[in-house]
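A.B. asks: Here you go, one structure.
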Amino acid sequence: MFEEAADASNAVRAQLQQDGARIAAVGAALRKLQPRAVITCARGSSDHAATYAKYLIETHARVLTASAAPSVSSVYGISQDVRGCLFIAISQSGRSPDLLASVAAAKSSGATVLALCNSADSPLMAAADLKVELRASPETSIAATKSYLASLAAIARVIASWTQDAALDAALEQLPRLMDSSWALDWSAALPELESATNLYVVGRGLGLAAAQEIALKFKETCGMHAEAFSSAELGKGFPALLFAQRDATLPGIETLARELGRRGVPVLLAGGSAPGTTLLPTMDAAAEIAPILLVQSAYRMIASLAVRRGLDPDHPPHLRKITETV
C-alpha cells in the first residue's frame, strides 16, 4: 500500500504523457453530445471517485449528475430511459458483473458510455463508446490507492477537456509534481490521537466529500477503525474528527466547524484550513479542483503508518478481496 500510494504521481505522469489526443477527443465528443444528464456507476473506492466527478461536473459543466444503483439492472432487470445521457463507469478491473450489466442496460437504452478503467483489455473497456485508461499499472495491495488517485486525475482531465477549462488544464499539468510534494508531507502529528481511537469522523464538503469518503474507507479497511464520512453540513459531535478543506466556497464552513468542535473538546485534525484548538496537518497550496487528490495522498501515507502502529497489515485486510464480483 505504501509503495503503490507513493507511485500514484507516476500514473498521472503517464496519463499526461500518453493520453492527450484521446482526452481531447473525449472532450470534443462530450461537447457534441451535450448530455442532458450524467450517470455514474462504480463500487467502493471507484464510487468515491464518482462523488468527485459529480461535484466537478456539476460545478464546471453544470450538468446534473447522479449515481446509478447497479442492482436495478443486474438484479431487478430494469432498463431506464437514459437517452441523451452520459453514463460514466469507473473501475479498476472492469470485470464486475453488476457493473457490466449496468453498462449494457445503459447502452441499450440510448446512453453514451464513458469507461475509466485500469485494465485496457477488460470487458468494460470493450463495451464503452469512449474510454480512458487509468495507467496505474498493476496494483497488488487490496486497499486501492494509486488507481483511486489516477481515477480522480482522469476525471479532472476529461472535464477540463469537455469544458475547455484552461485553468484546470494548467493545474493538472502541475499535479504530478504536487503529488510528489504532498507524499513527502509529515502528518505524524495525527498518529497519537488515532493510534488508540476506535471511532472517527472524516469530514469534507463539496469537492472534498469524496476525499472524506475514501479516507474513511481506508481507516476501516486497514486500521480496524469505525470511521464514517460526513459532509460538514451534517456532522454532529462525539468522536475525534479529521477534516479536509480546499480553497473554495466551502472553506469558511469547514473552518467554522473545526472551531466549534474544538470548543466542545472534540479532538480535531484539520488539513487544508486553519482554526484554533485543532491539530493542523500540512498541505500543498493548490487549486481547489486538485486539492482533494493531494489530501488523499498525504492521508494514505499516514494511514499506512497508522495501521502498522496498530499491529495490522495494511496490504492484507481481513475478509477482503482485491476484486469484488458483485451480481
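Residues are referred to by chain and number: the chain letter is A, B, ... according to the order shown in the C-alpha cells, the number counts from 1 in that chain, and ligands are numbered separately from 1 in the order shown.
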Need to verify the contact set: Ile293 (chain A), 8 Å, only C-alpha atoms, exclusion of same-chain residues closer than 2 positions in sequence. Can you return it as a list in words?

C.D. replies: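 That gives Leu149, Leu152, Ala153, Met179, Ala211, Ile290, Ala291, Leu295, Val296 and Gln297 of chain A.
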
A.B. asks: From a DSSP calculation on the backbone, collect every residue of region 170-318 of chain A in strand (DSSP E or B) and output the set as an mmCIF file with N, CA, C and O atoms, in the first residue's frame.

C.D. replies:
```
data_model
loop_
_atom_site.group_PDB
_atom_site.id
_atom_site.type_symbol
_atom_site.label_atom_id
_atom_site.label_comp_id
_atom_site.auth_asym_id
_atom_site.auth_seq_id
_atom_site.Cartn_x
_atom_site.Cartn_y
_atom_site.Cartn_z
ATOM 1 N N ASN A 199 -13.226 5.034 16.996
ATOM 2 C CA ASN A 199 -14.218 5.691 16.144
ATOM 3 C C ASN A 199 -13.649 7.003 15.627
ATOM 4 O O ASN A 199 -12.850 7.653 16.302
ATOM 5 N N LEU A 200 -14.097 7.389 14.440
ATOM 6 C CA LEU A 200 -13.578 8.603 13.826
ATOM 7 C C LEU A 200 -14.585 9.157 12.828
ATOM 8 O O LEU A 200 -15.190 8.410 12.056
ATOM 9 N N TYR A 201 -14.760 10.477 12.862
ATOM 10 C CA TYR A 201 -15.449 11.180 11.783
ATOM 11 C C TYR A 201 -14.398 11.642 10.779
ATOM 12 O O TYR A 201 -13.349 12.171 11.151
ATOM 13 N N VAL A 202 -14.680 11.489 9.486
ATOM 14 C CA VAL A 202 -13.858 12.084 8.433
ATOM 15 C C VAL A 202 -14.776 13.008 7.647
ATOM 16 O O VAL A 202 -15.819 12.584 7.148
ATOM 17 N N VAL A 203 -14.381 14.270 7.545
ATOM 18 C CA VAL A 203 -15.312 15.306 7.102
ATOM 19 C C VAL A 203 -14.752 16.072 5.909
ATOM 20 O O VAL A 203 -13.576 16.450 5.881
ATOM 21 N N GLY A 204 -15.605 16.280 4.922
ATOM 22 C CA GLY A 204 -15.286 17.145 3.797
ATOM 23 C C GLY A 204 -16.579 17.741 3.277
ATOM 24 O O GLY A 204 -17.669 17.378 3.732
ATOM 25 N N HIS A 226 -13.799 2.162 13.253
ATOM 26 C CA HIS A 226 -15.121 2.550 12.776
ATOM 27 C C HIS A 226 -15.039 4.010 12.365
ATOM 28 O O HIS A 226 -15.082 4.919 13.199
ATOM 29 N N ALA A 227 -14.871 4.238 11.078
ATOM 30 C CA ALA A 227 -14.738 5.589 10.544
ATOM 31 C C ALA A 227 -15.875 5.856 9.582
ATOM 32 O O ALA A 227 -16.181 5.029 8.725
ATOM 33 N N GLU A 228 -16.501 7.011 9.720
ATOM 34 C CA GLU A 228 -17.618 7.382 8.858
ATOM 35 C C GLU A 228 -17.356 8.737 8.224
ATOM 36 O O GLU A 228 -16.845 9.651 8.872
ATOM 37 N N ALA A 229 -17.701 8.845 6.939
ATOM 38 C CA ALA A 229 -17.550 10.102 6.211
ATOM 39 C C ALA A 229 -18.832 10.916 6.298
ATOM 40 O O ALA A 229 -19.930 10.367 6.179
ATOM 41 N N PHE A 230 -18.669 12.206 6.501
ATOM 42 C CA PHE A 230 -19.811 13.116 6.577
ATOM 43 C C PHE A 230 -19.501 14.386 5.812
ATOM 44 O O PHE A 230 -18.356 14.819 5.731
ATOM 45 N N SER A 231 -20.552 14.993 5.290
ATOM 46 C CA SER A 231 -20.457 16.375 4.850
ATOM 47 C C SER A 231 -20.435 17.264 6.087
ATOM 48 O O SER A 231 -21.098 16.974 7.091
ATOM 49 N N ALA A 241 -12.287 13.898 15.024
ATOM 50 C CA ALA A 241 -12.674 14.279 13.670
ATOM 51 C C ALA A 241 -11.459 14.673 12.849
ATOM 52 O O ALA A 241 -10.604 15.431 13.320
ATOM 53 N N LEU A 242 -11.380 14.141 11.630
ATOM 54 C CA LEU A 242 -10.385 14.536 10.648
ATOM 55 C C LEU A 242 -11.117 15.327 9.580
ATOM 56 O O LEU A 242 -12.025 14.806 8.918
ATOM 57 N N LEU A 243 -10.760 16.605 9.411
ATOM 58 C CA LEU A 243 -11.455 17.496 8.491
ATOM 59 C C LEU A 243 -10.559 17.829 7.307
ATOM 60 O O LEU A 243 -9.384 18.190 7.480
ATOM 61 N N PHE A 244 -11.124 17.717 6.095
ATOM 62 C CA PHE A 244 -10.432 18.092 4.871
ATOM 63 C C PHE A 244 -11.052 19.378 4.325
ATOM 64 O O PHE A 244 -12.284 19.505 4.260
ATOM 65 N N VAL A 268 -9.675 17.540 17.023
ATOM 66 C CA VAL A 268 -9.854 17.864 15.615
ATOM 67 C C VAL A 268 -8.501 17.863 14.910
ATOM 68 O O VAL A 268 -7.563 18.552 15.336
ATOM 69 N N LEU A 269 -8.412 17.109 13.817
ATOM 70 C CA LEU A 269 -7.266 17.122 12.914
ATOM 71 C C LEU A 269 -7.720 17.831 11.644
ATOM 72 O O LEU A 269 -8.687 17.406 11.004
ATOM 73 N N LEU A 270 -7.049 18.913 11.279
ATOM 74 C CA LEU A 270 -7.518 19.756 10.179
ATOM 75 C C LEU A 270 -6.450 19.846 9.093
ATOM 76 O O LEU A 270 -5.318 20.260 9.353
ATOM 77 N N ALA A 271 -6.827 19.456 7.881
ATOM 78 C CA ALA A 271 -5.927 19.519 6.722
ATOM 79 C C ALA A 271 -6.528 20.453 5.678
ATOM 80 O O ALA A 271 -7.653 20.232 5.225
ATOM 81 N N THR A 279 -5.396 20.342 15.630
ATOM 82 C CA THR A 279 -4.089 19.896 15.158
ATOM 83 C C THR A 279 -4.039 20.103 13.653
ATOM 84 O O THR A 279 -4.811 19.483 12.904
ATOM 85 N N LEU A 280 -3.162 20.998 13.200
ATOM 86 C CA LEU A 280 -3.088 21.324 11.779
ATOM 87 C C LEU A 280 -2.139 20.357 11.074
ATOM 88 O O LEU A 280 -1.006 20.136 11.520
ATOM 89 N N LEU A 281 -2.607 19.794 9.969
ATOM 90 C CA LEU A 281 -1.812 18.887 9.161
ATOM 91 C C LEU A 281 -1.347 19.635 7.913
ATOM 92 O O LEU A 281 -2.155 20.305 7.259
#
```

A.B. asks: Do you know which residues are at most 12 Å from Glu260 (chain A) counting only C-alpha atoms, after dropping those on the same chain fewer than 5 positions away, and could you put them as an MDAnalysis selection string?

C.D. replies: chainID A and resid 232 235:237 241 253:255 265:268 275:278

A.B. asks: Keeping only all heavy atoms, take the residues you just selected and write them out as an mmCIF file, in the first residue's frame.

C.D. replies:
```cif
data_model
loop_
_atom_site.group_PDB
_atom_site.id
_atom_site.type_symbol
_atom_site.label_atom_id
_atom_site.label_comp_id
_atom_site.auth_asym_id
_atom_site.auth_seq_id
_atom_site.Cartn_x
_atom_site.Cartn_y
_atom_site.Cartn_z
ATOM 1 N N SER A 232 -19.685 18.343 6.020
ATOM 2 C CA SER A 232 -19.622 19.250 7.175
ATOM 3 C C SER A 232 -20.979 19.847 7.500
ATOM 4 O O SER A 232 -21.193 20.344 8.603
ATOM 5 C CB SER A 232 -18.618 20.379 6.907
ATOM 6 O OG SER A 232 -19.030 21.167 5.811
ATOM 7 N N LEU A 235 -22.582 17.114 10.335
ATOM 8 C CA LEU A 235 -21.815 16.445 11.374
ATOM 9 C C LEU A 235 -22.318 16.793 12.759
ATOM 10 O O LEU A 235 -22.604 17.949 13.067
ATOM 11 C CB LEU A 235 -20.331 16.832 11.261
ATOM 12 C CG LEU A 235 -19.408 16.198 12.293
ATOM 13 C CD1 LEU A 235 -19.323 14.696 12.062
ATOM 14 C CD2 LEU A 235 -18.030 16.810 12.217
ATOM 15 N N GLY A 236 -22.385 15.798 13.585
ATOM 16 C CA GLY A 236 -22.689 16.006 14.993
ATOM 17 C C GLY A 236 -21.428 16.050 15.816
ATOM 18 O O GLY A 236 -20.388 16.507 15.359
ATOM 19 N N LYS A 237 -21.485 15.557 17.039
ATOM 20 C CA LYS A 237 -20.302 15.587 17.894
ATOM 21 C C LYS A 237 -20.128 14.220 18.548
ATOM 22 O O LYS A 237 -21.012 13.376 18.515
ATOM 23 C CB LYS A 237 -20.436 16.672 18.967
ATOM 24 C CG LYS A 237 -21.625 16.477 19.905
ATOM 25 C CD LYS A 237 -21.696 17.594 20.922
ATOM 26 C CE LYS A 237 -22.888 17.389 21.866
ATOM 27 N NZ LYS A 237 -22.977 18.423 22.898
ATOM 28 N N ALA A 241 -12.287 13.898 15.024
ATOM 29 C CA ALA A 241 -12.674 14.279 13.670
ATOM 30 C C ALA A 241 -11.459 14.673 12.849
ATOM 31 O O ALA A 241 -10.604 15.431 13.320
ATOM 32 C CB ALA A 241 -13.676 15.427 13.706
ATOM 33 N N GLY A 253 -16.952 27.307 6.027
ATOM 34 C CA GLY A 253 -17.794 26.404 6.801
ATOM 35 C C GLY A 253 -16.988 25.315 7.490
ATOM 36 O O GLY A 253 -17.278 24.954 8.639
ATOM 37 N N ILE A 254 -15.987 24.771 6.795
ATOM 38 C CA ILE A 254 -15.130 23.747 7.397
ATOM 39 C C ILE A 254 -14.368 24.338 8.579
ATOM 40 O O ILE A 254 -14.273 23.725 9.662
ATOM 41 C CB ILE A 254 -14.151 23.178 6.356
ATOM 42 C CG1 ILE A 254 -14.901 22.385 5.281
ATOM 43 C CG2 ILE A 254 -13.086 22.326 7.033
ATOM 44 C CD1 ILE A 254 -15.353 21.015 5.704
ATOM 45 N N GLU A 255 -13.815 25.529 8.414
ATOM 46 C CA GLU A 255 -13.052 26.155 9.492
ATOM 47 C C GLU A 255 -13.950 26.512 10.680
ATOM 48 O O GLU A 255 -13.545 26.355 11.838
ATOM 49 C CB GLU A 255 -12.314 27.384 8.968
ATOM 50 C CG GLU A 255 -11.207 27.040 7.982
ATOM 51 C CD GLU A 255 -10.475 28.257 7.459
ATOM 52 O OE1 GLU A 255 -11.114 29.325 7.304
ATOM 53 O OE2 GLU A 255 -9.272 28.143 7.174
ATOM 54 N N GLY A 265 -14.407 20.328 22.920
ATOM 55 C CA GLY A 265 -13.484 19.327 23.421
ATOM 56 C C GLY A 265 -13.267 18.152 22.491
ATOM 57 O O GLY A 265 -12.653 17.155 22.883
ATOM 58 N N VAL A 266 -13.765 18.225 21.253
ATOM 59 C CA VAL A 266 -13.552 17.166 20.279
ATOM 60 C C VAL A 266 -12.143 17.291 19.711
ATOM 61 O O VAL A 266 -11.747 18.370 19.264
ATOM 62 C CB VAL A 266 -14.584 17.251 19.138
ATOM 63 C CG1 VAL A 266 -14.272 16.227 18.048
ATOM 64 C CG2 VAL A 266 -15.995 17.058 19.675
ATOM 65 N N PRO A 267 -11.347 16.229 19.714
ATOM 66 C CA PRO A 267 -10.031 16.285 19.073
ATOM 67 C C PRO A 267 -10.198 16.455 17.563
ATOM 68 O O PRO A 267 -10.825 15.620 16.906
ATOM 69 C CB PRO A 267 -9.398 14.937 19.414
ATOM 70 C CG PRO A 267 -10.192 14.410 20.567
ATOM 71 C CD PRO A 267 -11.584 14.929 20.374
ATOM 72 N N VAL A 268 -9.675 17.540 17.023
ATOM 73 C CA VAL A 268 -9.854 17.864 15.615
ATOM 74 C C VAL A 268 -8.501 17.863 14.910
ATOM 75 O O VAL A 268 -7.563 18.552 15.336
ATOM 76 C CB VAL A 268 -10.532 19.234 15.432
ATOM 77 C CG1 VAL A 268 -10.618 19.596 13.953
ATOM 78 C CG2 VAL A 268 -11.923 19.224 16.059
ATOM 79 N N ALA A 275 -7.672 26.728 12.121
ATOM 80 C CA ALA A 275 -8.624 27.024 13.191
ATOM 81 C C ALA A 275 -7.939 26.789 14.529
ATOM 82 O O ALA A 275 -7.205 25.804 14.679
ATOM 83 C CB ALA A 275 -9.874 26.145 13.079
ATOM 84 N N PRO A 276 -8.159 27.678 15.499
ATOM 85 C CA PRO A 276 -7.543 27.491 16.814
ATOM 86 C C PRO A 276 -8.103 26.247 17.503
ATOM 87 O O PRO A 276 -9.237 25.833 17.254
ATOM 88 C CB PRO A 276 -7.925 28.762 17.570
ATOM 89 C CG PRO A 276 -9.139 29.273 16.871
ATOM 90 C CD PRO A 276 -8.982 28.896 15.441
ATOM 91 N N GLY A 277 -7.276 25.636 18.346
ATOM 92 C CA GLY A 277 -7.719 24.477 19.095
ATOM 93 C C GLY A 277 -7.735 23.192 18.306
ATOM 94 O O GLY A 277 -8.332 22.202 18.741
ATOM 95 N N THR A 278 -7.086 23.179 17.136
ATOM 96 C CA THR A 278 -7.050 21.979 16.302
ATOM 97 C C THR A 278 -5.595 21.590 16.038
ATOM 98 O O THR A 278 -4.674 22.396 16.194
ATOM 99 C CB THR A 278 -7.755 22.203 14.955
ATOM 100 O OG1 THR A 278 -7.013 23.165 14.179
ATOM 101 C CG2 THR A 278 -9.170 22.729 15.166
#
```

A.B. asks: Among region 125-315 of chain A, which ones does DSSP assign to alpha helix (DSSP H) (computed from the backbone)? Answer as a PDB file with C-alpha atoms, in the first residue's frame.

C.D. replies:
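So result.pdb came out as:
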```pdb
ATOM      1  CA  MET A 125     -13.368  -1.052 -21.989  1.00  0.00           C
ATOM      2  CA  ALA A 126     -14.558  -3.239 -24.846  1.00  0.00           C
ATOM      3  CA  ALA A 127     -18.167  -2.232 -24.216  1.00  0.00           C
ATOM      4  CA  LYS A 146      -2.896   4.743  -6.873  1.00  0.00           C
ATOM      5  CA  SER A 147      -5.809   3.550  -9.005  1.00  0.00           C
ATOM      6  CA  TYR A 148      -8.129   5.816  -6.977  1.00  0.00           C
ATOM      7  CA  LEU A 149      -5.872   8.846  -7.369  1.00  0.00           C
ATOM      8  CA  ALA A 150      -5.422   8.040 -11.063  1.00  0.00           C
ATOM      9  CA  SER A 151      -9.228   7.934 -11.395  1.00  0.00           C
ATOM     10  CA  LEU A 152      -9.538  11.440  -9.936  1.00  0.00           C
ATOM     11  CA  ALA A 153      -6.858  12.781 -12.257  1.00  0.00           C
ATOM     12  CA  ALA A 154      -8.500  11.176 -15.288  1.00  0.00           C
ATOM     13  CA  ILE A 155     -11.895  12.556 -14.310  1.00  0.00           C
ATOM     14  CA  ALA A 156     -10.478  16.059 -13.933  1.00  0.00           C
ATOM     15  CA  ARG A 157      -8.726  15.822 -17.300  1.00  0.00           C
ATOM     16  CA  VAL A 158     -11.916  14.709 -19.052  1.00  0.00           C
ATOM     17  CA  ILE A 159     -13.904  17.557 -17.540  1.00  0.00           C
ATOM     18  CA  ALA A 160     -11.203  20.124 -18.301  1.00  0.00           C
ATOM     19  CA  SER A 161     -11.246  18.966 -21.934  1.00  0.00           C
ATOM     20  CA  TRP A 162     -15.057  18.847 -22.083  1.00  0.00           C
ATOM     21  CA  THR A 163     -15.452  22.388 -20.717  1.00  0.00           C
ATOM     22  CA  ALA A 166      -7.605  26.298 -19.406  1.00  0.00           C
ATOM     23  CA  ALA A 167      -7.067  26.979 -15.692  1.00  0.00           C
ATOM     24  CA  LEU A 168      -7.934  23.400 -14.737  1.00  0.00           C
ATOM     25  CA  ASP A 169      -5.712  22.087 -17.531  1.00  0.00           C
ATOM     26  CA  ALA A 170      -2.822  24.173 -16.211  1.00  0.00           C
ATOM     27  CA  ALA A 171      -3.382  22.900 -12.670  1.00  0.00           C
ATOM     28  CA  LEU A 172      -3.372  19.313 -13.906  1.00  0.00           C
ATOM     29  CA  GLU A 173      -0.033  19.823 -15.655  1.00  0.00           C
ATOM     30  CA  LEU A 175      -0.311  17.698 -10.491  1.00  0.00           C
ATOM     31  CA  PRO A 176       2.460  15.044 -10.610  1.00  0.00           C
ATOM     32  CA  ARG A 177       4.981  17.442  -9.073  1.00  0.00           C
ATOM     33  CA  LEU A 178       2.492  18.485  -6.389  1.00  0.00           C
ATOM     34  CA  MET A 179       1.692  14.836  -5.662  1.00  0.00           C
ATOM     35  CA  ASP A 180       5.365  14.120  -5.076  1.00  0.00           C
ATOM     36  CA  SER A 181       5.442  17.001  -2.595  1.00  0.00           C
ATOM     37  CA  SER A 182       2.195  16.007  -0.895  1.00  0.00           C
ATOM     38  CA  TRP A 183       3.520  12.483  -0.377  1.00  0.00           C
ATOM     39  CA  LEU A 191      -0.864   9.463  14.944  1.00  0.00           C
ATOM     40  CA  PRO A 192      -1.023   9.938  18.747  1.00  0.00           C
ATOM     41  CA  GLU A 193      -4.705  10.831  18.543  1.00  0.00           C
ATOM     42  CA  LEU A 194      -5.575   7.990  16.181  1.00  0.00           C
ATOM     43  CA  LEU A 209     -16.529  14.995   0.218  1.00  0.00           C
ATOM     44  CA  ALA A 210     -15.080  12.250  -1.977  1.00  0.00           C
ATOM     45  CA  ALA A 211     -11.775  12.547  -0.089  1.00  0.00           C
ATOM     46  CA  ALA A 212     -13.615  12.061   3.200  1.00  0.00           C
ATOM     47  CA  GLN A 213     -15.458   9.018   1.837  1.00  0.00           C
ATOM     48  CA  GLU A 214     -12.281   7.412   0.551  1.00  0.00           C
ATOM     49  CA  ILE A 215     -10.199   8.015   3.656  1.00  0.00           C
ATOM     50  CA  ALA A 216     -12.957   6.777   5.964  1.00  0.00           C
ATOM     51  CA  LEU A 217     -12.977   3.543   3.959  1.00  0.00           C
ATOM     52  CA  LYS A 218      -9.205   3.199   4.225  1.00  0.00           C
ATOM     53  CA  PHE A 219      -9.335   3.634   8.013  1.00  0.00           C
ATOM     54  CA  LYS A 220     -11.929   0.854   8.156  1.00  0.00           C
ATOM     55  CA  GLU A 221     -10.102  -1.441   5.733  1.00  0.00           C
ATOM     56  CA  THR A 222      -6.564  -1.127   7.051  1.00  0.00           C
ATOM     57  CA  CYS A 223      -6.738   0.187  10.629  1.00  0.00           C
ATOM     58  CA  LEU A 251     -13.601  26.588   3.291  1.00  0.00           C
ATOM     59  CA  PRO A 252     -15.244  29.025   5.764  1.00  0.00           C
ATOM     60  CA  GLY A 253     -17.794  26.404   6.801  1.00  0.00           C
ATOM     61  CA  ILE A 254     -15.130  23.747   7.397  1.00  0.00           C
ATOM     62  CA  GLU A 255     -13.052  26.155   9.492  1.00  0.00           C
ATOM     63  CA  THR A 256     -16.108  27.245  11.494  1.00  0.00           C
ATOM     64  CA  LEU A 257     -16.977  23.613  12.204  1.00  0.00           C
ATOM     65  CA  ALA A 258     -13.379  22.922  13.255  1.00  0.00           C
ATOM     66  CA  ARG A 259     -13.501  25.804  15.758  1.00  0.00           C
ATOM     67  CA  GLU A 260     -16.863  24.688  17.139  1.00  0.00           C
ATOM     68  CA  LEU A 261     -15.770  21.089  17.565  1.00  0.00           C
ATOM     69  CA  GLY A 262     -12.545  22.213  19.216  1.00  0.00           C
ATOM     70  CA  ARG A 263     -14.501  24.341  21.703  1.00  0.00           C
ATOM     71  CA  ALA A 291      -6.613  19.695  -3.659  1.00  0.00           C
ATOM     72  CA  PRO A 292      -8.622  16.527  -2.791  1.00  0.00           C
ATOM     73  CA  ILE A 293      -6.121  14.423  -4.753  1.00  0.00           C
ATOM     74  CA  LEU A 294      -3.237  15.820  -2.726  1.00  0.00           C
ATOM     75  CA  LEU A 295      -5.083  15.499   0.590  1.00  0.00           C
ATOM     76  CA  VAL A 296      -5.892  11.855  -0.041  1.00  0.00           C
ATOM     77  CA  GLN A 297      -2.317  11.021  -0.991  1.00  0.00           C
ATOM     78  CA  SER A 298      -0.951  12.580   2.219  1.00  0.00           C
ATOM     79  CA  ALA A 299      -3.603  10.725   4.206  1.00  0.00           C
ATOM     80  CA  TYR A 300      -2.702   7.402   2.568  1.00  0.00           C
ATOM     81  CA  ARG A 301       0.851   7.711   3.862  1.00  0.00           C
ATOM     82  CA  MET A 302      -0.327   8.460   7.378  1.00  0.00           C
ATOM     83  CA  ILE A 303      -2.848   5.582   7.321  1.00  0.00           C
ATOM     84  CA  ALA A 304      -0.246   3.066   6.130  1.00  0.00           C
ATOM     85  CA  SER A 305       1.923   4.035   9.104  1.00  0.00           C
ATOM     86  CA  LEU A 306      -1.033   4.033  11.489  1.00  0.00           C
ATOM     87  CA  ALA A 307      -2.071   0.506  10.500  1.00  0.00           C
ATOM     88  CA  VAL A 308       1.404  -0.821  11.307  1.00  0.00           C
ATOM     89  CA  ARG A 309       1.426   1.037  14.644  1.00  0.00           C
TER      90      ARG A 309
END
```

A.B. asks: Choose the residue, out of A:Thr140, A:Ser108, A:Ser67, A:Thr51, that has the smallest atom-to-atom separation from Arg205 (chain A); count only C-alpha atoms.

C.D. replies: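 Closest to Arg205 (chain A), using only C-alpha atoms: A:Thr51.
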
A.B. asks: Given only C-alpha atoms as the basis, pick out the residue of A:Ser109, A:Ser9, A:Thr59, A:Ser119 nearest to Gly84 (chain A).

C.D. replies: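 Of the candidates, the smallest distance to Gly84 (chain A) is held by A:Ser109.
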